[in-house]
>>> print(open('query23.pdb').read())   # PDB, C-alpha atoms, pLDDT in the B column
MODEL        1
ATOM      1  CA  MET A   1      51.009 -89.603  -3.231  1.00 46.00           C
ATOM      2  CA  GLY A   2      49.890 -91.563  -0.198  1.00 48.00           C
ATOM      3  CA  GLU A   3      46.325 -92.278   0.612  1.00 49.00           C
ATOM      4  CA  ASP A   4      44.657 -89.491   2.590  1.00 47.00           C
ATOM      5  CA  LYS A   5      43.391 -91.197   5.745  1.00 47.00           C
ATOM      6  CA  ARG A   6      42.134 -88.102   7.463  1.00 45.00           C
ATOM      7  CA  SER A   7      38.577 -88.245   8.784  1.00 45.00           C
ATOM      8  CA  TYR A   8      36.076 -85.418   8.372  1.00 44.00           C
ATOM      9  CA  TYR A   9      33.089 -84.780  10.625  1.00 45.00           C
ATOM     10  CA  LEU A  10      30.124 -82.471  10.351  1.00 44.00           C
ATOM     11  CA  GLY A  11      30.558 -79.575  12.708  1.00 45.00           C
ATOM     12  CA  LEU A  12      28.067 -78.791  15.446  1.00 41.00           C
ATOM     13  CA  THR A  13      26.837 -75.776  13.481  1.00 39.00           C
ATOM     14  CA  PHE A  14      25.808 -77.957  10.542  1.00 39.00           C
ATOM     15  CA  LEU A  15      24.056 -80.410  12.844  1.00 37.00           C
ATOM     16  CA  THR A  16      22.228 -77.535  14.508  1.00 38.00           C
ATOM     17  CA  TRP A  17      21.152 -76.160  11.130  1.00 39.00           C
ATOM     18  CA  GLY A  18      19.843 -79.573  10.172  1.00 43.00           C
ATOM     19  CA  ALA A  19      17.859 -79.959  13.377  1.00 39.00           C
ATOM     20  CA  THR A  20      16.440 -76.450  13.027  1.00 47.00           C
ATOM     21  CA  ALA A  21      15.389 -77.059   9.427  1.00 48.00           C
ATOM     22  CA  SER A  22      13.724 -80.324  10.431  1.00 49.00           C
ATOM     23  CA  ASN A  23      11.826 -78.660  13.269  1.00 64.00           C
ATOM     24  CA  ARG A  24      10.641 -75.838  11.040  1.00 71.00           C
ATOM     25  CA  SER A  25       9.528 -78.256   8.345  1.00 75.00           C
ATOM     26  CA  HIS A  26       7.516 -80.149  10.958  1.00 86.00           C
ATOM     27  CA  LEU A  27       5.909 -76.914  12.157  1.00 89.00           C
ATOM     28  CA  ARG A  28       4.976 -75.955   8.597  1.00 91.00           C
ATOM     29  CA  GLU A  29       3.293 -79.309   8.075  1.00 91.00           C
ATOM     30  CA  LEU A  30       1.399 -78.984  11.344  1.00 92.00           C
ATOM     31  CA  ALA A  31       0.325 -75.391  10.781  1.00 95.00           C
ATOM     32  CA  ARG A  32      -0.560 -75.322   7.093  1.00 95.00           C
ATOM     33  CA  PRO A  33      -4.064 -76.892   7.444  1.00 96.00           C
ATOM     34  CA  SER A  34      -4.857 -74.369  10.178  1.00 97.00           C
ATOM     35  CA  LEU A  35      -3.667 -71.445   8.073  1.00 97.00           C
ATOM     36  CA  LEU A  36      -5.685 -72.706   5.106  1.00 97.00           C
ATOM     37  CA  ARG A  37      -8.841 -72.924   7.212  1.00 97.00           C
ATOM     38  CA  LEU A  38      -8.325 -69.408   8.563  1.00 97.00           C
ATOM     39  CA  ALA A  39      -7.593 -67.896   5.144  1.00 95.00           C
ATOM     40  CA  GLY A  40     -10.602 -69.667   3.649  1.00 96.00           C
ATOM     41  CA  GLN A  41     -12.949 -68.486   6.386  1.00 96.00           C
ATOM     42  CA  PHE A  42     -11.822 -64.854   6.651  1.00 95.00           C
ATOM     43  CA  GLY A  43     -10.372 -64.118   3.214  1.00 93.00           C
ATOM     44  CA  ASP A  44      -7.207 -62.540   4.638  1.00 92.00           C
ATOM     45  CA  SER A  45      -3.536 -63.569   4.721  1.00 92.00           C
ATOM     46  CA  PHE A  46      -2.348 -65.771   7.592  1.00 95.00           C
ATOM     47  CA  PHE A  47       1.270 -66.364   8.546  1.00 95.00           C
ATOM     48  CA  LEU A  48       3.443 -68.747  10.541  1.00 96.00           C
ATOM     49  CA  PHE A  49       6.527 -67.208  12.160  1.00 95.00           C
ATOM     50  CA  VAL A  50       9.286 -68.799  14.224  1.00 95.00           C
ATOM     51  CA  PRO A  51      11.821 -67.053  16.495  1.00 95.00           C
ATOM     52  CA  ASP A  52      15.412 -66.851  15.317  1.00 94.00           C
ATOM     53  CA  GLY A  53      17.762 -64.862  17.519  1.00 94.00           C
ATOM     54  CA  TYR A  54      16.606 -61.257  17.685  1.00 96.00           C
ATOM     55  CA  ASP A  55      14.166 -61.767  14.802  1.00 96.00           C
ATOM     56  CA  VAL A  56      11.244 -63.864  13.681  1.00 95.00           C
ATOM     57  CA  VAL A  57      11.218 -65.631  10.307  1.00 94.00           C
ATOM     58  CA  CYS A  58       8.136 -66.278   8.187  1.00 93.00           C
ATOM     59  CA  ILE A  59       8.048 -69.961   7.213  1.00 94.00           C
ATOM     60  CA  GLU A  60       4.518 -70.257   5.801  1.00 94.00           C
ATOM     61  CA  ILE A  61       1.816 -68.031   4.295  1.00 94.00           C
ATOM     62  CA  CYS A  62      -1.729 -68.868   3.239  1.00 94.00           C
ATOM     63  CA  ASP A  63      -3.675 -66.210   1.359  1.00 92.00           C
ATOM     64  CA  GLY A  64      -7.401 -65.614   1.153  1.00 90.00           C
ATOM     65  CA  ASP A  65      -9.152 -63.386  -1.378  1.00 90.00           C
ATOM     66  CA  TYR A  66      -7.460 -60.249  -0.011  1.00 86.00           C
ATOM     67  CA  PRO A  67      -3.749 -61.147   0.172  1.00 82.00           C
ATOM     68  CA  VAL A  68      -1.224 -58.792   1.767  1.00 79.00           C
ATOM     69  CA  ARG A  69       2.428 -59.102   2.791  1.00 69.00           C
ATOM     70  CA  SER A  70       2.858 -56.331   5.368  1.00 72.00           C
ATOM     71  CA  TYR A  71       6.354 -56.362   6.929  1.00 74.00           C
ATOM     72  CA  THR A  72       7.440 -59.638   5.328  1.00 74.00           C
ATOM     73  CA  ARG A  73       7.740 -59.922   1.575  1.00 73.00           C
ATOM     74  CA  GLY A  74       7.200 -63.660   1.583  1.00 83.00           C
ATOM     75  CA  ILE A  75       8.371 -66.938   3.036  1.00 90.00           C
ATOM     76  CA  GLY A  76      11.848 -66.484   4.456  1.00 91.00           C
ATOM     77  CA  GLY A  77      11.241 -62.837   5.328  1.00 91.00           C
ATOM     78  CA  ARG A  78      12.639 -61.632   8.648  1.00 93.00           C
ATOM     79  CA  VAL A  79      11.369 -58.926  10.994  1.00 93.00           C
ATOM     80  CA  PRO A  80      12.787 -57.845  14.352  1.00 95.00           C
ATOM     81  CA  LEU A  81      11.093 -59.109  17.492  1.00 96.00           C
ATOM     82  CA  GLY A  82       8.815 -56.310  18.648  1.00 95.00           C
ATOM     83  CA  LEU A  83       7.447 -55.525  15.190  1.00 93.00           C
ATOM     84  CA  GLY A  84       4.122 -57.002  14.120  1.00 90.00           C
ATOM     85  CA  GLN A  85       1.585 -59.217  15.803  1.00 92.00           C
ATOM     86  CA  ALA A  86       3.415 -62.555  15.496  1.00 94.00           C
ATOM     87  CA  SER A  87       6.713 -61.298  16.881  1.00 95.00           C
ATOM     88  CA  ILE A  88       5.001 -59.575  19.810  1.00 95.00           C
ATOM     89  CA  ALA A  89       3.007 -62.731  20.600  1.00 96.00           C
ATOM     90  CA  ILE A  90       6.272 -64.686  20.714  1.00 97.00           C
ATOM     91  CA  LEU A  91       8.163 -62.023  22.682  1.00 97.00           C
ATOM     92  CA  ALA A  92       5.384 -61.792  25.288  1.00 96.00           C
ATOM     93  CA  HIS A  93       5.803 -65.475  26.173  1.00 95.00           C
ATOM     94  CA  MET A  94       9.570 -65.296  26.636  1.00 96.00           C
ATOM     95  CA  SER A  95      11.220 -64.910  30.015  1.00 95.00           C
ATOM     96  CA  ARG A  96      11.772 -61.435  31.411  1.00 95.00           C
ATOM     97  CA  ALA A  97      15.521 -61.790  30.895  1.00 96.00           C
ATOM     98  CA  GLU A  98      15.016 -62.706  27.223  1.00 97.00           C
ATOM     99  CA  GLN A  99      12.609 -59.810  26.751  1.00 97.00           C
ATOM    100  CA  ASP A 100      15.021 -57.315  28.293  1.00 97.00           C
ATOM    101  CA  GLU A 101      17.918 -58.488  26.121  1.00 97.00           C
ATOM    102  CA  ILE A 102      15.889 -58.473  22.903  1.00 97.00           C
ATOM    103  CA  ILE A 103      14.226 -55.121  23.530  1.00 97.00           C
ATOM    104  CA  SER A 104      17.570 -53.534  24.406  1.00 97.00           C
ATOM    105  CA  HIS A 105      19.079 -54.879  21.177  1.00 97.00           C
ATOM    106  CA  ASN A 106      16.131 -54.149  18.851  1.00 97.00           C
ATOM    107  CA  LEU A 107      14.814 -50.861  20.218  1.00 97.00           C
ATOM    108  CA  PRO A 108      17.109 -48.587  18.173  1.00 96.00           C
ATOM    109  CA  ILE A 109      15.838 -50.039  14.881  1.00 95.00           C
ATOM    110  CA  LEU A 110      12.225 -50.187  16.107  1.00 94.00           C
ATOM    111  CA  GLU A 111      12.343 -46.504  17.049  1.00 94.00           C
ATOM    112  CA  LYS A 112      14.321 -45.253  14.061  1.00 93.00           C
ATOM    113  CA  GLU A 113      12.685 -47.207  11.244  1.00 91.00           C
ATOM    114  CA  TYR A 114       9.173 -47.856  12.561  1.00 90.00           C
ATOM    115  CA  GLY A 115       8.480 -45.230  15.212  1.00 90.00           C
ATOM    116  CA  ILE A 116       7.827 -47.810  17.955  1.00 92.00           C
ATOM    117  CA  GLU A 117       8.746 -46.546  21.414  1.00 92.00           C
ATOM    118  CA  ARG A 118       9.667 -48.696  24.411  1.00 94.00           C
ATOM    119  CA  GLU A 119       6.569 -47.786  26.458  1.00 94.00           C
ATOM    120  CA  ARG A 120       4.204 -48.653  23.633  1.00 92.00           C
ATOM    121  CA  LEU A 121       5.902 -52.012  23.176  1.00 95.00           C
ATOM    122  CA  LEU A 122       5.892 -52.794  26.910  1.00 95.00           C
ATOM    123  CA  THR A 123       2.192 -51.894  27.112  1.00 94.00           C
ATOM    124  CA  GLU A 124       1.393 -54.286  24.274  1.00 93.00           C
ATOM    125  CA  LEU A 125       3.430 -57.090  25.869  1.00 95.00           C
ATOM    126  CA  GLN A 126       1.431 -56.635  29.069  1.00 94.00           C
ATOM    127  CA  GLN A 127      -1.795 -56.712  27.072  1.00 93.00           C
ATOM    128  CA  VAL A 128      -0.746 -60.021  25.485  1.00 94.00           C
ATOM    129  CA  SER A 129       0.024 -61.542  28.885  1.00 91.00           C
ATOM    130  CA  GLU A 130      -3.518 -60.648  29.988  1.00 91.00           C
ATOM    131  CA  SER A 131      -5.500 -61.602  26.865  1.00 91.00           C
ATOM    132  CA  GLY A 132      -3.281 -64.105  25.034  1.00 92.00           C
ATOM    133  CA  PHE A 133      -3.464 -62.105  21.798  1.00 93.00           C
ATOM    134  CA  ALA A 134      -1.147 -59.574  20.185  1.00 93.00           C
ATOM    135  CA  ARG A 135      -2.714 -56.646  18.373  1.00 85.00           C
ATOM    136  CA  GLY A 136       0.572 -55.119  17.279  1.00 72.00           C
ATOM    137  CA  THR A 137       1.893 -51.692  18.160  1.00 66.00           C
ATOM    138  CA  GLY A 138       1.243 -50.128  14.776  1.00 68.00           C
ATOM    139  CA  SER A 139       4.004 -48.266  12.974  1.00 65.00           C
ATOM    140  CA  ARG A 140       4.478 -45.263  10.757  1.00 66.00           C
ATOM    141  CA  VAL A 141       5.520 -47.566   7.889  1.00 64.00           C
ATOM    142  CA  LEU A 142       2.186 -49.390   7.395  1.00 68.00           C
ATOM    143  CA  PRO A 143      -0.462 -47.481   9.353  1.00 72.00           C
ATOM    144  CA  GLU A 144      -3.316 -48.814   7.213  1.00 75.00           C
ATOM    145  CA  TYR A 145      -2.823 -52.434   8.332  1.00 79.00           C
ATOM    146  CA  THR A 146      -3.737 -54.223  11.535  1.00 82.00           C
ATOM    147  CA  GLY A 147      -4.210 -57.823  12.664  1.00 88.00           C
ATOM    148  CA  LEU A 148      -3.886 -60.344  15.466  1.00 93.00           C
ATOM    149  CA  GLY A 149      -1.290 -62.871  16.560  1.00 95.00           C
ATOM    150  CA  VAL A 150      -1.172 -65.779  18.980  1.00 96.00           C
ATOM    151  CA  ALA A 151       1.800 -67.834  20.166  1.00 96.00           C
ATOM    152  CA  VAL A 152       2.280 -71.577  19.734  1.00 95.00           C
ATOM    153  CA  ARG A 153       3.999 -72.960  22.846  1.00 93.00           C
ATOM    154  CA  ASP A 154       5.777 -76.168  23.746  1.00 89.00           C
ATOM    155  CA  ARG A 155       5.194 -78.265  26.872  1.00 86.00           C
ATOM    156  CA  ASN A 156       7.424 -75.928  28.873  1.00 88.00           C
ATOM    157  CA  ASP A 157       5.223 -72.972  27.848  1.00 89.00           C
ATOM    158  CA  HIS A 158       8.044 -71.570  25.703  1.00 92.00           C
ATOM    159  CA  PRO A 159       7.017 -69.993  22.387  1.00 94.00           C
ATOM    160  CA  VAL A 160       8.137 -72.002  19.364  1.00 94.00           C
ATOM    161  CA  ALA A 161       6.075 -70.127  16.771  1.00 95.00           C
ATOM    162  CA  ALA A 162       3.137 -67.784  16.255  1.00 96.00           C
ATOM    163  CA  ILE A 163       0.262 -67.634  13.810  1.00 97.00           C
ATOM    164  CA  SER A 164      -1.001 -64.233  12.772  1.00 94.00           C
ATOM    165  CA  CYS A 165      -3.018 -62.332  10.212  1.00 92.00           C
ATOM    166  CA  CYS A 166      -2.539 -59.060   8.406  1.00 85.00           C
ATOM    167  CA  VAL A 167      -5.716 -57.164   7.539  1.00 85.00           C
ATOM    168  CA  LEU A 168      -6.570 -53.783   6.117  1.00 83.00           C
ATOM    169  CA  THR A 169      -7.941 -51.774   9.023  1.00 84.00           C
ATOM    170  CA  SER A 170     -11.102 -51.105   7.043  1.00 84.00           C
ATOM    171  CA  ARG A 171     -11.766 -54.872   6.830  1.00 85.00           C
ATOM    172  CA  LEU A 172     -11.498 -55.629  10.551  1.00 85.00           C
ATOM    173  CA  SER A 173     -14.790 -54.831  12.259  1.00 89.00           C
ATOM    174  CA  GLU A 174     -15.188 -55.493  15.973  1.00 89.00           C
ATOM    175  CA  ASN A 175     -17.381 -58.546  15.292  1.00 92.00           C
ATOM    176  CA  LYS A 176     -14.801 -59.945  12.881  1.00 91.00           C
ATOM    177  CA  ARG A 177     -12.014 -59.282  15.377  1.00 90.00           C
ATOM    178  CA  GLU A 178     -13.791 -61.262  18.098  1.00 93.00           C
ATOM    179  CA  LEU A 179     -14.560 -64.173  15.781  1.00 94.00           C
ATOM    180  CA  MET A 180     -10.987 -64.165  14.503  1.00 94.00           C
ATOM    181  CA  LYS A 181      -9.653 -64.269  18.072  1.00 94.00           C
ATOM    182  CA  SER A 182     -11.649 -67.396  18.865  1.00 94.00           C
ATOM    183  CA  LYS A 183     -10.625 -69.123  15.621  1.00 96.00           C
ATOM    184  CA  LEU A 184      -6.957 -68.231  16.049  1.00 96.00           C
ATOM    185  CA  ALA A 185      -7.090 -69.664  19.569  1.00 94.00           C
ATOM    186  CA  GLU A 186      -8.665 -72.877  18.286  1.00 95.00           C
ATOM    187  CA  GLU A 187      -6.097 -73.332  15.521  1.00 96.00           C
ATOM    188  CA  ALA A 188      -3.178 -72.480  17.806  1.00 95.00           C
ATOM    189  CA  MET A 189      -4.300 -75.307  20.076  1.00 94.00           C
ATOM    190  CA  VAL A 190      -4.568 -77.685  17.129  1.00 93.00           C
ATOM    191  CA  ILE A 191      -0.940 -76.915  16.290  1.00 94.00           C
ATOM    192  CA  MET A 192       0.138 -77.153  19.936  1.00 92.00           C
ATOM    193  CA  ARG A 193      -1.348 -80.622  20.217  1.00 91.00           C
ATOM    194  CA  GLY A 194       0.786 -81.604  17.223  1.00 89.00           C
ATOM    195  CA  VAL A 195       3.891 -80.062  18.764  1.00 85.00           C
ATOM    196  CA  ASN A 196       3.181 -81.795  22.092  1.00 77.00           C
ATOM    197  CA  PRO A 197       1.309 -84.974  21.094  1.00 66.00           C
ATOM    198  CA  LEU A 198       1.843 -86.877  24.356  1.00 47.00           C
ATOM    199  CA  ASP A 199       1.417 -84.031  26.820  1.00 51.00           C
ATOM    200  CA  PRO A 200      -1.949 -84.121  28.653  1.00 46.00           C
ATOM    201  CA  MET A 201      -1.386 -80.591  29.945  1.00 47.00           C
ATOM    202  CA  VAL A 202      -1.867 -79.220  26.426  1.00 46.00           C
ATOM    203  CA  GLY A 203      -5.424 -80.493  26.430  1.00 43.00           C
ATOM    204  CA  ARG A 204      -6.117 -78.750  29.745  1.00 47.00           C
ATOM    205  CA  ALA A 205      -4.453 -75.580  28.496  1.00 48.00           C
ATOM    206  CA  SER A 206      -6.650 -75.585  25.394  1.00 46.00           C
ATOM    207  CA  VAL A 207      -9.793 -75.518  27.511  1.00 43.00           C
ATOM    208  CA  ASN A 208      -8.516 -72.564  29.546  1.00 51.00           C
ATOM    209  CA  PHE A 209      -7.230 -70.674  26.506  1.00 47.00           C
ATOM    210  CA  LEU A 210     -10.452 -71.084  24.550  1.00 46.00           C
ATOM    211  CA  SER A 211     -12.512 -70.049  27.566  1.00 46.00           C
ATOM    212  CA  ASN A 212     -10.471 -66.863  27.909  1.00 50.00           C
ATOM    213  CA  ALA A 213     -10.636 -66.148  24.189  1.00 48.00           C
ATOM    214  CA  LEU A 214     -14.410 -66.419  24.141  1.00 47.00           C
ATOM    215  CA  SER A 215     -14.999 -64.459  27.361  1.00 51.00           C
TER     216      SER A 215
ENDMDL
END
>>> encode(input="query23.pdb", output="structure tokens")
Amino acid sequence: MGEDKRSYYLGLTFLTWGATASNRSHLRELARPSLLRLAGQFGDSFFLFVPDGYDVVCIEICDGDYPVRSYTRGIGGRVPLGLGQASIAILAHMSRAEQDEIISHNLPILEKEYGIERERLLTELQQVSESGFARGTGSRVLPEYTGLGVAVRDRNDHPVAAISCCVLTSRLSENKRELMKSKLAEEAMVIMRGVNPLDPMVGRASVNFLSNALS
């Protein structure tokens, strides 16, 4: 048999997968110290999610003394955008066109499986745009849990991730909620400075974001 001189090349899909995996690994490294600090201070579970199509994927978890898993069973777990604090924080920072497409696609499952109606979701997205924090819409699946989420954005203000917590409602007093908001804002900015290390606008944004979080 003659020598096979055909050449083989990695397809674009494989290159894209590789770039995505590299980016997510970098985000995990950046975010893990922040999640550890938050879990150590509050005793709850803190998560890092990244957007992936119509879903978000959990790529890191740090547990405190009261660990929970909520909608995701662990690292690698997926939930539809519109469900949970992290996904709503990410969705709220997307363009209107992206929001419309995602909500149209995901609403049937959000309504059928979780009891989340369009108006409740739109109200929460508006609340995030005003405060910077997602509180979640609640659902009939896990009514005893609550939490907060905040987006991590790149230099173009596009959401690349979100950090969030899941807390038993009985463990989240108003004082704890306010302290957690300020600490989540601080740690989100730490991660954003790592994502955008040479962008001076991130430093200015951190001042504004922290001022709003503490007001």
>>> resolve_selection(input="query23.pdb", expression="the PyMOL selection byres ((chain A and resi 84) around 10)", output="JSON, numbers by chain")
{"A": [56, 70, 71, 72, 79, 80, 81, 82, 83, 85, 86, 87, 88, 89, 134, 135, 136, 137, 138, 139, 146, 147, 148, 149, 164, 165, 166]}
>>> closest_residue(input="query23.pdb", among="A:Glu130, A:Asp63, A:Glu101, A:Glu174", to="Gly43 of chain A", atoms="all atoms listed in the file")
A:Asp63
>>> closest_residue(input="query23.pdb", among="A:Pro159, A:Leu107, A:Pro51, A:Tyr66", to="Arg171 of chain A", atoms="all atoms listed in the file")
A:Tyr66
>>> atom_distance(input="query23.pdb", atom1="atom CA of Glu60 of chain A", atom2="atom CA of Asp154 of chain A")
18.9 Å
>>> atom_distance(input="query23.pdb", atom1="atom CA of Ala31 of chain A", atom2="atom CA of Val190 of chain A")
8.3 Å
>>> atom_distance(input="query23.pdb", atom1="atom CA of Cys58 of chain A", atom2="atom CA of Leu121 of chain A")
20.8 Å
>>> resolve_selection(input="query23.pdb", expression="the PyMOL selection byres ((chain A and resi 64) around 7)", output="PyMOL selection string")
chain A and resi 39-40+43-45+62-63+65-67
>>> resolve_selection(input="query23.pdb", expression="the PyMOL selection byres ((chain A and resi 151) around 6)", output="number ranges by chain")
A: 89-90, 150, 152, 161-162
>>> axis_aligned_box(input="query23.pdb", around="segment 124-131 of chain A", padding_each_side="4 Å", output="AutoDock Vina command-line options")
--center_x -1.0 --center_y -57.9 --center_z 27.1 --size_x 16.9 --size_y 15.3 --size_z 13.7
>>> residues_around(input="query23.pdb", residues="Glu187 of chain A", least_positions_apart="4", cutoff="8 Å", atoms="only C-alpha atoms", output="list in words")
Ser34, Lys183 and Ile191 of chain A
>>> residues_around(input="query23.pdb", residues="His105 of chain A", least_positions_apart="5", cutoff="12 Å", atoms="all atoms listed in the file", output="mmCIF file with C-alpha atoms, in the frame of the given file")
data_model
loop_
_atom_site.group_PDB
_atom_site.id
_atom_site.type_symbol
_atom_site.label_atom_id
_atom_site.label_comp_id
_atom_site.auth_asym_id
_atom_site.auth_seq_id
_atom_site.Cartn_x
_atom_site.Cartn_y
_atom_site.Cartn_z
ATOM 1 C CA GLY A 53 17.762 -64.862 17.519
ATOM 2 C CA TYR A 54 16.606 -61.257 17.685
ATOM 3 C CA ASP A 55 14.166 -61.767 14.802
ATOM 4 C CA PRO A 80 12.787 -57.845 14.352
ATOM 5 C CA LEU A 81 11.093 -59.109 17.492
ATOM 6 C CA GLY A 82 8.815 -56.310 18.648
ATOM 7 C CA GLU A 98 15.016 -62.706 27.223
ATOM 8 C CA GLN A 99 12.609 -59.810 26.751
ATOM 9 C CA ASP A 100 15.021 -57.315 28.293
ATOM 10 C CA LEU A 110 12.225 -50.187 16.107
ATOM 11 C CA GLU A 111 12.343 -46.504 17.049
ATOM 12 C CA ARG A 118 9.667 -48.696 24.411
#
>>> closest_residue(input="query23.pdb", among="A:Val160, A:Val50, A:Met180, A:Arg96", to="Ile75 of chain A", atoms="all atoms listed in the file")
A:Val50
